[in-house]
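A.B. asks: Could you have a look at this structure, given as structure tokens, before my questions?
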2 protein chains.
Amino acid sequence: MPKGIRLTEEEQANRRHEIFHKVVKVFLKKGFHETSMREIAEQAGIGKSTLYDYFKTKDEILLYFFEDQLNDLTEAAQRIALQNIPADERLRRVMKTHMEFLQANKSSFMKLSLEAQRLKLESQNELQKKRHTYQDLIRGLVGEGIREGTFRKVDPLLAARMLINTLLPVVFTSRPTGTAQEMMEETMDIFFKGIEVCE
Amino acid sequence: MPKGIRLTEEEQANRRHEIFHKVVKVFLKKGFHETSMREIAEQAGIGKSTLYDYFKTKDEILLYFFEDQLNDLTEAAQRIALQNIPADERLRRVMKTHMEFLQANKSSFMKLSLEAQRLKLESQNELQKKRHTYQDLIRGLVGEGIREGTFRKVDPLLAARMLINTLLPVVFTSRPTGTAQEMMEETMDIFFKGIEVCE
DNA sequence: GTCTGAAAGCGACTGCTGTTCGCTTTTATT
DNA sequence: AATAAAAGCGAACAGCAGTCGCTTTCAGAC
């Protein structure tokens, strides 16, 4: 904010957060791609080119959101992954947190995820990288479950991807067949039955 | 092509096909969104505004591709669905065809699917509608499988969506853990184990 | 045979976009 | 008081999808 002095890294980060917080409402209301940089700057109460001092491109503004969210999600999952209980139970808990998280942020997460699909390919690769950290965590749990003998010998990464990718569409579907909660539980049920060792 | 005479509906359709065929190479080479309407018209050997006589918007050019492909896929699936064998076997065969189809058109389908994600929301809804026909076919097979007693009582639409949505990322993943064929088979395996009646 | 209306085709033009540039304002330091 | 550097800005830029008014062409009416 002050003009002549250099901002510290932290101040810059705070300012980015502050700016994003001010403009996210507009994204939710009229859509990210339908909001021009002029409007974004207006909403943030700053000049158009000042915006570029905090976000290198327009896409980066939206990426900022997912960076934040994925950090939270990964942290929560990491805490669960360290618990001293069977891997399959930890996996269930992580996915439960995942579902709760999706539901809590449903409206904004859903809308912005749809918008994120429309980012430039380059930006989507950035996003993908951020997702990998989380995906690897799930993969680890599946791997542990296999070693513990609760899961069949499936490819852990494939299973992890399958799990994450089946849950997202549940929240986003245009033809729901029940509450999100119900659909999520059934999806998880099918998945776990699919990888569990047959008794 | 002829200037003064009115084109029949069929001629118009042929011309659309012809134009698309001429320009799709450019989409595959430098990307749909990176190709401007000027370039597309150039490649098609027609004027820019003539292009608009055959496709109402730029998005519609890409939608045309999926309309075609989905028609083929749905037809093939319909033929299988009518065979006189158990539903679970028919479902396996449909998905096998689906996989073969994805692999045969892999490079173009993959690239253009990624591009399709970036279409305007309105255009994506169009695409979604076209997908529903196919989704409903799968749903029907799952439903039959349940009635025949091979599948557990799962929600057929949810299962259908889950199935389709798990196969696509297999082809598109940036971190493959085997050949597409292997990954697809393992995915199918997990899914079928997940919905089969336990023996 | 020629006239005419309507369709096919076209490139200049429009209004908008994300991004850049050159400039002003502010302030900590010398 | 002078300086340098950072923060902030709106005008300007290049490029885009889509539109408009015009030209060219020809089937059918007379």
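Here's how to read the names in the structure tokens: chain A, B, ... by the order shown, residue numbers from 1 in each chain, ligand numbers from 1 in the order shown.
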Env of Lys30 of chain A: 12 Å cut, atoms = only C-alpha atoms (C1' of nucleotides), seq-sep filter 4 positions within chain, self excluded. Answer as a compact mmCIF listing (two decimals) with C-alpha atoms, in the first residue's frame.
C.D. replies:
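Output (selection.txt):
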```
# COMPACT_ATOMS: atom_id res chain seq x y z
CA VAL A 23 -12.31 -10.17 -6.19
CA VAL A 24 -13.34 -13.79 -5.63
CA LYS A 25 -16.93 -12.70 -5.07
CA VAL A 26 -17.10 -11.39 -8.61
CA GLU A 34 -16.44 -13.46 -17.95
CA THR A 35 -14.70 -10.95 -15.70
CA SER A 36 -12.18 -8.71 -17.41
CA GLU A 39 -13.31 -5.19 -13.72
CA ILE A 40 -11.06 -7.21 -11.45
CA LYS A 111 -17.71 -23.08 -9.81
CA LEU A 112 -14.03 -22.26 -9.75
CA GLU A 115 -13.49 -22.25 -14.56
```
A.B. asks: As a list of chain:residue names, could you give me every residue of chain C near chain B (at most 8 Å apart, counting only C-alpha atoms (C1' of nucleotides))?
C.D. replies: C:DA6, C:DA7, C:DA8, C:DG9, C:DC10, C:DG11
A.B. asks: What would the file look like if the residues just selected were written as a compact mmCIF listing (two decimals), in the first residue's frame with N, CA and C atoms (P, O5', C5', C4', C3', O3' and C1' of nucleotides)?
C.D. replies:
```
# COMPACT_ATOMS: atom_id res chain seq x y z
P DA C 6 -36.19 -12.61 -52.77
O5' DA C 6 -35.41 -13.91 -52.33
C5' DA C 6 -35.34 -15.03 -53.21
C4' DA C 6 -33.95 -15.62 -53.15
C3' DA C 6 -33.26 -15.45 -51.78
O3' DA C 6 -32.62 -16.66 -51.46
C1' DA C 6 -31.84 -14.73 -53.47
P DA C 7 -32.47 -17.10 -49.93
O5' DA C 7 -31.25 -18.12 -49.98
C5' DA C 7 -31.06 -18.97 -51.11
C4' DA C 7 -29.63 -18.89 -51.55
C3' DA C 7 -28.61 -18.99 -50.41
O3' DA C 7 -27.77 -20.09 -50.69
C1' DA C 7 -28.05 -17.25 -51.92
P DA C 8 -26.66 -20.58 -49.71
O5' DA C 8 -25.37 -19.98 -50.41
C5' DA C 8 -24.97 -20.45 -51.69
C4' DA C 8 -23.59 -19.92 -52.02
C3' DA C 8 -22.57 -20.12 -50.91
O3' DA C 8 -21.35 -20.51 -51.55
C1' DA C 8 -22.80 -17.81 -51.39
P DG C 9 -20.11 -20.88 -50.67
O5' DG C 9 -19.33 -19.50 -50.63
C5' DG C 9 -18.88 -18.94 -51.86
C4' DG C 9 -18.37 -17.56 -51.61
C3' DG C 9 -17.35 -17.46 -50.46
O3' DG C 9 -16.08 -17.16 -51.01
C1' DG C 9 -18.91 -15.67 -50.47
P DC C 10 -14.81 -17.17 -50.09
O5' DC C 10 -14.65 -15.63 -49.73
C5' DC C 10 -14.47 -14.70 -50.80
C4' DC C 10 -14.65 -13.30 -50.28
C3' DC C 10 -13.75 -12.96 -49.11
O3' DC C 10 -12.69 -12.15 -49.59
C1' DC C 10 -15.95 -12.06 -48.87
P DG C 11 -11.25 -12.39 -49.04
O5' DG C 11 -10.91 -10.98 -48.43
C5' DG C 11 -11.05 -9.83 -49.24
C4' DG C 11 -11.45 -8.63 -48.39
C3' DG C 11 -10.47 -8.27 -47.27
O3' DG C 11 -10.51 -6.86 -47.13
C1' DG C 11 -12.56 -8.69 -46.34
```
A.B. asks: What are the residues of chain D that have an atom within 10 Å of an atom of chain A, counting only C-alpha atoms (C1' of nucleotides), as a PyMOL selection string?
C.D. replies: chain D and resi 5-10
A.B. asks: Given the choices B:Tyr54, B:Val142, B:Phe151, B:Asn125, which gets closest to Thr173 of chain A if the distance is worked out from only C-alpha atoms?
C.D. replies: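 The answer is B:Asn125, which sits nearest to Thr173 of chain A.
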A.B. asks: Got a sec: who's within 9 Å of DT19 of chain C, counting only C-alpha atoms (C1' of nucleotides), leaving out chain neighbours fewer than 4 positions off, as number ranges by chain?
C.D. replies: A: 49, 52, 57; D: 13
A.B. asks: Keeping only C-alpha atoms (C1' of nucleotides), write those residues as a compact mmCIF listing (two decimals), in the first residue's frame.
C.D. replies:
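Wrote it out as out-v4.txt, contents follow:
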```txt
# COMPACT_ATOMS: atom_id res chain seq x y z
CA SER A 49 -1.39 -2.60 -14.12
CA TYR A 52 0.05 -7.24 -12.66
CA THR A 57 -1.12 -13.17 -15.54
C1' DC D 13 -0.99 -2.06 -28.20
```
A.B. asks: With chain B as the partner and 7 Å as the cut-off, tabulate the residues of chain A that qualify, each row holding the nearest pair of atoms and their distance in Å to one decimal, using only C-alpha atoms, sorted by chain and rising number, as a tab-separated table.
C.D. replies:
```
residue	atom	partner	partner_atom	distance
A:Gln117	CA	B:Gln117	CA	5.7
A:Arg118	CA	B:Arg118	CA	3.8
A:Leu119	CA	B:Arg118	CA	6.8
A:Met162	CA	B:Thr166	CA	5.6
A:Asn165	CA	B:Thr166	CA	6.6
A:Thr166	CA	B:Met162	CA	5.6
A:Ile190	CA	B:Gly194	CA	4.4
A:Phe191	CA	B:Gly194	CA	5.7
A:Phe192	CA	B:Gly194	CA	6.9
A:Lys193	CA	B:Gly194	CA	4.5
A:Gly194	CA	B:Gly194	CA	3.7
A:Ile195	CA	B:Ile190	CA	5.9
```
A.B. asks: Could you pull the residues within 10 Å of DA12 of chain D, counting only C-alpha atoms (C1' of nucleotides), minus those fewer than 2 positions along the same chain, as a PyMOL selection string?
C.D. replies: (chain C and resi 20-21) or (chain D and resi 10+14)
A.B. asks: Can you pull out the residues contacting DC30 of chain D? Cut-off 12 Å, using only C-alpha atoms (C1' of nucleotides), and skip same-chain residues under 4 positions away; I want them as a ChimeraX atom specification.
C.D. replies: /C:1-4
A.B. asks: Would you save the residues of that selection, restricted to N, CA, C and O atoms (P, O5', C5', C4', C3', O3' and C1' of nucleotides), as an mmCIF file, in the first residue's frame?
C.D. replies:
```
data_model
loop_
_atom_site.group_PDB
_atom_site.id
_atom_site.type_symbol
_atom_site.label_atom_id
_atom_site.label_comp_id
_atom_site.auth_asym_id
_atom_site.auth_seq_id
_atom_site.Cartn_x
_atom_site.Cartn_y
_atom_site.Cartn_z
ATOM 1 P P DG C 1 -30.681 -17.304 -77.384
ATOM 2 O "O5'" DG C 1 -31.178 -16.037 -76.534
ATOM 3 C "C5'" DG C 1 -31.453 -14.822 -77.224
ATOM 4 C "C4'" DG C 1 -31.960 -13.824 -76.219
ATOM 5 C "C3'" DG C 1 -30.916 -13.376 -75.199
ATOM 6 O "O3'" DG C 1 -31.204 -12.008 -74.928
ATOM 7 C "C1'" DG C 1 -32.715 -14.306 -74.040
ATOM 8 P P DT C 2 -30.160 -10.948 -74.742
ATOM 9 O "O5'" DT C 2 -30.742 -10.276 -73.423
ATOM 10 C "C5'" DT C 2 -32.096 -9.776 -73.419
ATOM 11 C "C4'" DT C 2 -32.625 -9.720 -71.984
ATOM 12 C "C3'" DT C 2 -31.567 -9.377 -70.918
ATOM 13 O "O3'" DT C 2 -32.178 -8.623 -69.885
ATOM 14 C "C1'" DT C 2 -32.645 -11.294 -70.306
ATOM 15 P P DC C 3 -32.202 -7.073 -69.855
ATOM 16 O "O5'" DC C 3 -33.220 -6.860 -68.644
ATOM 17 C "C5'" DC C 3 -34.513 -7.508 -68.719
ATOM 18 C "C4'" DC C 3 -34.889 -8.124 -67.376
ATOM 19 C "C3'" DC C 3 -34.270 -7.460 -66.143
ATOM 20 O "O3'" DC C 3 -35.335 -7.157 -65.260
ATOM 21 C "C1'" DC C 3 -33.982 -9.805 -66.034
ATOM 22 P P DT C 4 -35.188 -6.280 -63.996
ATOM 23 O "O5'" DT C 4 -35.278 -7.377 -62.842
ATOM 24 C "C5'" DT C 4 -36.400 -8.277 -62.816
ATOM 25 C "C4'" DT C 4 -36.203 -9.267 -61.676
ATOM 26 C "C3'" DT C 4 -35.559 -8.658 -60.428
ATOM 27 O "O3'" DT C 4 -36.175 -9.225 -59.292
ATOM 28 C "C1'" DT C 4 -34.291 -10.503 -61.120
#
```
A.B. asks: Could you give me the residues within segment 50-182 of chain B that DSSP places in alpha helix (DSSP H), as a ChimeraX atom specification?
C.D. replies: /B:50-54,58-81,87-104,106-116,121-148,156-172,180-182
A.B. asks: At what distance in Å, to one decimal, does atom CA of Ile61 of chain B lie from atom CA of Ala77 of chain B?
C.D. replies: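 Computing it gives 25.1 Å between the two atoms.
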